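Asker: Quick one: the structure is below, and I'll ask about it shortly.
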Amino acid sequence: MHHRKRVTLLAALTAATALTAPLLTAHAAAGTDPWVRAWGENAQGQLGNGSVLAQQTPAAVSGITRDDVRELSGGGGGAGTAANGFAVALLKDGTVKSWGSNATGQLGNGTTIAQSFPATVSGLSGVSEVSAGANHALAVKGGRVLAWGSNASKQLGTGQDTTNPYKNPIPVQSLDKVKDVGAGCDFSVALRQDGTVWTWGLGTNGRLGTGNNTTRETPQMVPDLVDVESIALGCEHVVALTAEGTVKSWGKGTEGQLGNDTLVDSNKPVDVAFIDSVARIFATSASAFAVLDDGSLAGWGKNTDRQLGDGTNANRTTPVVLDGLKGVQDIAGGADFTLAALDDGSVIGWGANGAAQLGDGSTTAPTAPSVTTVALPPGSGITHVTTTKTGKSGFAY
């Protein structure tokens with residue numbers, strides 16, 4: 001029998017001693033096997049285990065070991081007939097595998113047929129970065145960007161016909177020397193090696209950051225934004241970390257996800273308020289997080305399902321420091337939940353849990369202030385997490 005264990009954020013790093021013996025037994029295999037793990041919604045086969053059955057605890061993704069994976073990115077989400085969860089994995093040998101929904105060709109395998117297990121994207125090699133959006137995916141190869149999937153909002157950046165899905169990777173126009181890419185909901189972002197940021201696709205809510213809400217079919221540089229070291233994308237907003245350790249944001253702001261003490265959209269970069277000395281940034285569907293130089297964690301944005309972990313369910317328009325949660329290596333989240341990989345090898349989660357998206361063996365959400373659930377115990381070997389973009393599926397690797 002699986003015993004759920006809840007721990008406070010303050011005690012998250014001592015979860016090893018707080019875990020009950022039955023929980024350790026239930027998850028013991030996670031610490032000894034080499035597999036990528038996935039849980040939650042699975043109706044499109046997005047968990048990659050050969051089935052379309054929901055999974056309440058972390059299950060192995062077929063045929064992919066953690067040691068094989070350089071980067072894993074979850075995409076899609078939604079519910080009912082609009083559900084389209086999928087995932088894209090970049091392996092250390094430079095090849096790419098994909099699985100899950102494929103209605104818009106987002107698996108890049110030449111078809112629009114869903115698949116419930118990872119399969120290689122043919123013709124892709126030498127890839128250095130990948131990112132999965134709501135219904136499209138991006139990859140970097142030799143400093144240039146490849147894209148596939150839906151182009152309905154011009155998010156593939158190819159200048160091509162927008163009415164058909166593109167079932168195989170095709171080149172994005174113009175860009176070279178690209179360091180990283182991010183795929184959002186119907187738009188795309190590229191970070192070049194020179195620290196400039198380029199965007200294309202749907203312009204609604206100002207998510208392209210170009211000073212207007214115009215949809216663009218080819219990459220445009222975000223004006224007055226330089227020395228960017230990293231980018232992170234939610235569904236409809238972007239956060240960017242500068243070389244000075246400050247954070248910029250743009251796009252949708254109605255849940256506070258821009259962190260600039262407003263609830264309005266911005267079509268150009270604004271400063272995230274009251275925060276500096278930032279080491280790393282993360283974006284979830286409608287929220288954002290930052291790890292500070294001292295190792296502490298701050299979050300802002302949508303919080304109606306307690307997905308910020310600050311003990312409230314109020315949206316936050318400026319960053320709130322999550323006291324005591326140290327050792328965060330990676331953060332990801334869908335529309336209503338958040339996952340974190342800690343430096344002790346554990347994976348914890350907080351927020352909604354109706355689809356078992358917290359991976360703790362239940363479908364009950366934490367209700368007390370500032371509580372998390374344990375998906376994987378310390379020592380599991382996990383260093384990274386991702387989720388479907390707007391859905392309720394989690395991954396750990």
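Following the order of the structure tokens, chains are lettered A, B, ..., residues in each are numbered from 1, and ligands are numbered from 1.
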What are the nearest atom pairs, with distances in Å to one decimal, for all residues of range 32-67 of chain A that come at most 12 Å from range 340-354 of chain A, using only C-alpha atoms, set out by chain and rising residue number as CSV?

Answerer:
residue,atom,partner,partner_atom,distance
A:Arg37,CA,A:Val347,CA,10.8
A:Ala38,CA,A:Val347,CA,11.7
A:Trp39,CA,A:Asn353,CA,11.4
A:Gly40,CA,A:Asn353,CA,8.8
A:Glu41,CA,A:Gly354,CA,9.9
A:Ala54,CA,A:Gly354,CA,11.4
A:Gln55,CA,A:Gly354,CA,11.9
A:Gln56,CA,A:Asn353,CA,9.7
A:Thr57,CA,A:Val347,CA,11.7
A:Pro58,CA,A:Val347,CA,10.3

Asker: Atoms to include: C-alpha atoms. Write the selected residues as a PDB file, in the first residue's frame.

Answerer:
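Wrote it out as again-v8.pdb, contents follow:
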ATOM      1  CA  ARG A  37      10.294   8.594 -15.337  1.00  0.00           C
ATOM      2  CA  ALA A  38       6.831   9.973 -16.204  1.00  0.00           C
ATOM      3  CA  TRP A  39       3.413  10.223 -14.544  1.00  0.00           C
ATOM      4  CA  GLY A  40      -0.016  11.894 -14.711  1.00  0.00           C
ATOM      5  CA  GLU A  41      -2.229  12.261 -17.772  1.00  0.00           C
ATOM      6  CA  ALA A  54      -2.980   7.462 -16.555  1.00  0.00           C
ATOM      7  CA  GLN A  55      -0.143   6.874 -14.121  1.00  0.00           C
ATOM      8  CA  GLN A  56      -0.252   7.937 -10.454  1.00  0.00           C
ATOM      9  CA  THR A  57       3.394   7.204  -9.675  1.00  0.00           C
ATOM     10  CA  PRO A  58       6.562   7.651 -11.753  1.00  0.00           C
TER      11      PRO A  58
END

Asker: I'd like the neighbourhood of Thr367 in chain A as a list in words, where a residue qualifies if any of its atoms comes within 12 Å (using only C-alpha atoms), though same-chain residues fewer than 4 positions away should be ignored.

Answerer: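 The contact residues come out as Arg6, Val7, Thr8, Asp305, Arg306, Gln307, Gly309, Gly311, Thr312, Asn313, Trp350, Gly351, Ala352, Asn353, Val371, Thr372 and Thr373 of chain A.
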
Asker: For the selection you just gave me, I'd like the residues written to a file as a PDB file, in the first residue's frame, keeping N, CA, C and O atoms.

Answerer:
ATOM      1  N   ARG A   6       3.464  14.073   3.022  1.00  0.00           N
ATOM      2  CA  ARG A   6       3.547  15.485   2.736  1.00  0.00           C
ATOM      3  C   ARG A   6       4.620  16.098   3.616  1.00  0.00           C
ATOM      4  O   ARG A   6       4.767  15.747   4.772  1.00  0.00           O
ATOM      5  N   VAL A   7       5.351  17.043   3.053  1.00  0.00           N
ATOM      6  CA  VAL A   7       6.376  17.719   3.829  1.00  0.00           C
ATOM      7  C   VAL A   7       6.251  19.207   3.600  1.00  0.00           C
ATOM      8  O   VAL A   7       5.805  19.643   2.555  1.00  0.00           O
ATOM      9  N   THR A   8       6.621  20.014   4.552  1.00  0.00           N
ATOM     10  CA  THR A   8       6.616  21.456   4.356  1.00  0.00           C
ATOM     11  C   THR A   8       7.760  21.829   3.444  1.00  0.00           C
ATOM     12  O   THR A   8       8.744  21.117   3.320  1.00  0.00           O
ATOM     13  N   ASP A 305      -4.108  27.572  -7.800  1.00  0.00           N
ATOM     14  CA  ASP A 305      -4.074  26.192  -7.315  1.00  0.00           C
ATOM     15  C   ASP A 305      -2.872  25.951  -6.402  1.00  0.00           C
ATOM     16  O   ASP A 305      -2.413  24.830  -6.261  1.00  0.00           O
ATOM     17  N   ARG A 306      -2.329  27.019  -5.811  1.00  0.00           N
ATOM     18  CA  ARG A 306      -1.176  26.953  -4.905  1.00  0.00           C
ATOM     19  C   ARG A 306       0.091  26.478  -5.611  1.00  0.00           C
ATOM     20  O   ARG A 306       0.988  25.893  -4.999  1.00  0.00           O
ATOM     21  N   GLN A 307       0.152  26.750  -6.913  1.00  0.00           N
ATOM     22  CA  GLN A 307       1.302  26.258  -7.670  1.00  0.00           C
ATOM     23  C   GLN A 307       2.578  27.065  -7.446  1.00  0.00           C
ATOM     24  O   GLN A 307       3.647  26.658  -7.889  1.00  0.00           O
ATOM     25  N   GLY A 309       3.551  27.666  -4.254  1.00  0.00           N
ATOM     26  CA  GLY A 309       4.088  27.060  -3.049  1.00  0.00           C
ATOM     27  C   GLY A 309       4.377  28.040  -1.933  1.00  0.00           C
ATOM     28  O   GLY A 309       5.215  27.772  -1.062  1.00  0.00           O
ATOM     29  N   GLY A 311       2.102  29.110   0.258  1.00  0.00           N
ATOM     30  CA  GLY A 311       1.131  28.970   1.327  1.00  0.00           C
ATOM     31  C   GLY A 311      -0.180  29.683   1.090  1.00  0.00           C
ATOM     32  O   GLY A 311      -1.071  29.638   1.938  1.00  0.00           O
ATOM     33  N   THR A 312      -0.315  30.361  -0.059  1.00  0.00           N
ATOM     34  CA  THR A 312      -1.568  31.035  -0.393  1.00  0.00           C
ATOM     35  C   THR A 312      -2.086  30.505  -1.728  1.00  0.00           C
ATOM     36  O   THR A 312      -1.408  29.725  -2.406  1.00  0.00           O
ATOM     37  N   ASN A 313      -3.268  30.972  -2.107  1.00  0.00           N
ATOM     38  CA  ASN A 313      -3.766  30.690  -3.460  1.00  0.00           C
ATOM     39  C   ASN A 313      -4.053  32.003  -4.189  1.00  0.00           C
ATOM     40  O   ASN A 313      -4.918  32.067  -5.054  1.00  0.00           O
ATOM     41  N   TRP A 350       3.958  20.562  -5.959  1.00  0.00           N
ATOM     42  CA  TRP A 350       2.910  21.241  -5.214  1.00  0.00           C
ATOM     43  C   TRP A 350       1.901  21.832  -6.203  1.00  0.00           C
ATOM     44  O   TRP A 350       2.174  21.991  -7.380  1.00  0.00           O
ATOM     45  N   GLY A 351       0.689  22.114  -5.685  1.00  0.00           N
ATOM     46  CA  GLY A 351      -0.388  22.606  -6.536  1.00  0.00           C
ATOM     47  C   GLY A 351      -1.492  21.576  -6.676  1.00  0.00           C
ATOM     48  O   GLY A 351      -1.708  20.744  -5.791  1.00  0.00           O
ATOM     49  N   ALA A 352      -2.201  21.623  -7.794  1.00  0.00           N
ATOM     50  CA  ALA A 352      -3.313  20.706  -8.038  1.00  0.00           C
ATOM     51  C   ALA A 352      -2.810  19.292  -8.299  1.00  0.00           C
ATOM     52  O   ALA A 352      -1.662  19.091  -8.704  1.00  0.00           O
ATOM     53  N   ASN A 353      -3.695  18.316  -8.087  1.00  0.00           N
ATOM     54  CA  ASN A 353      -3.270  16.917  -8.217  1.00  0.00           C
ATOM     55  C   ASN A 353      -4.397  16.008  -8.688  1.00  0.00           C
ATOM     56  O   ASN A 353      -4.323  14.798  -8.527  1.00  0.00           O
ATOM     57  N   VAL A 371       2.726  23.070   1.553  1.00  0.00           N
ATOM     58  CA  VAL A 371       3.090  21.669   1.602  1.00  0.00           C
ATOM     59  C   VAL A 371       3.430  21.165   0.205  1.00  0.00           C
ATOM     60  O   VAL A 371       2.931  21.666  -0.786  1.00  0.00           O
ATOM     61  N   THR A 372       4.305  20.189   0.170  1.00  0.00           N
ATOM     62  CA  THR A 372       4.673  19.552  -1.075  1.00  0.00           C
ATOM     63  C   THR A 372       4.430  18.057  -0.945  1.00  0.00           C
ATOM     64  O   THR A 372       4.276  17.530   0.151  1.00  0.00           O
ATOM     65  N   THR A 373       4.402  17.381  -2.069  1.00  0.00           N
ATOM     66  CA  THR A 373       4.341  15.931  -2.057  1.00  0.00           C
ATOM     67  C   THR A 373       5.602  15.385  -2.711  1.00  0.00           C
ATOM     68  O   THR A 373       6.234  16.058  -3.520  1.00  0.00           O
TER      69      THR A 373
END

Asker: Pick out the residues sitting within 8 Å of Thr112 in chain A, and hand them over as number ranges by chain; count only C-alpha atoms, and ignore anything fewer than 5 positions along from it in its own chain.

Answerer: A: 102-107, 167

Asker: Which of these residues is nearest to Leu376 in chain A, using only C-alpha atoms: A:Ser150, A:Val36, A:Ala183, A:Ala139?

Answerer: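 So, comparing all the options, the nearest one is A:Val36.
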
Asker: Skipping near chain neighbours, those fewer than 4 positions away, what residues fall within 12 Å of Val226 in chain A using only C-alpha atoms, listed as an NGL selection string?

Answerer: :A and (191-198 or 221-222 or 230 or 240-244 or 246-248 or 269)
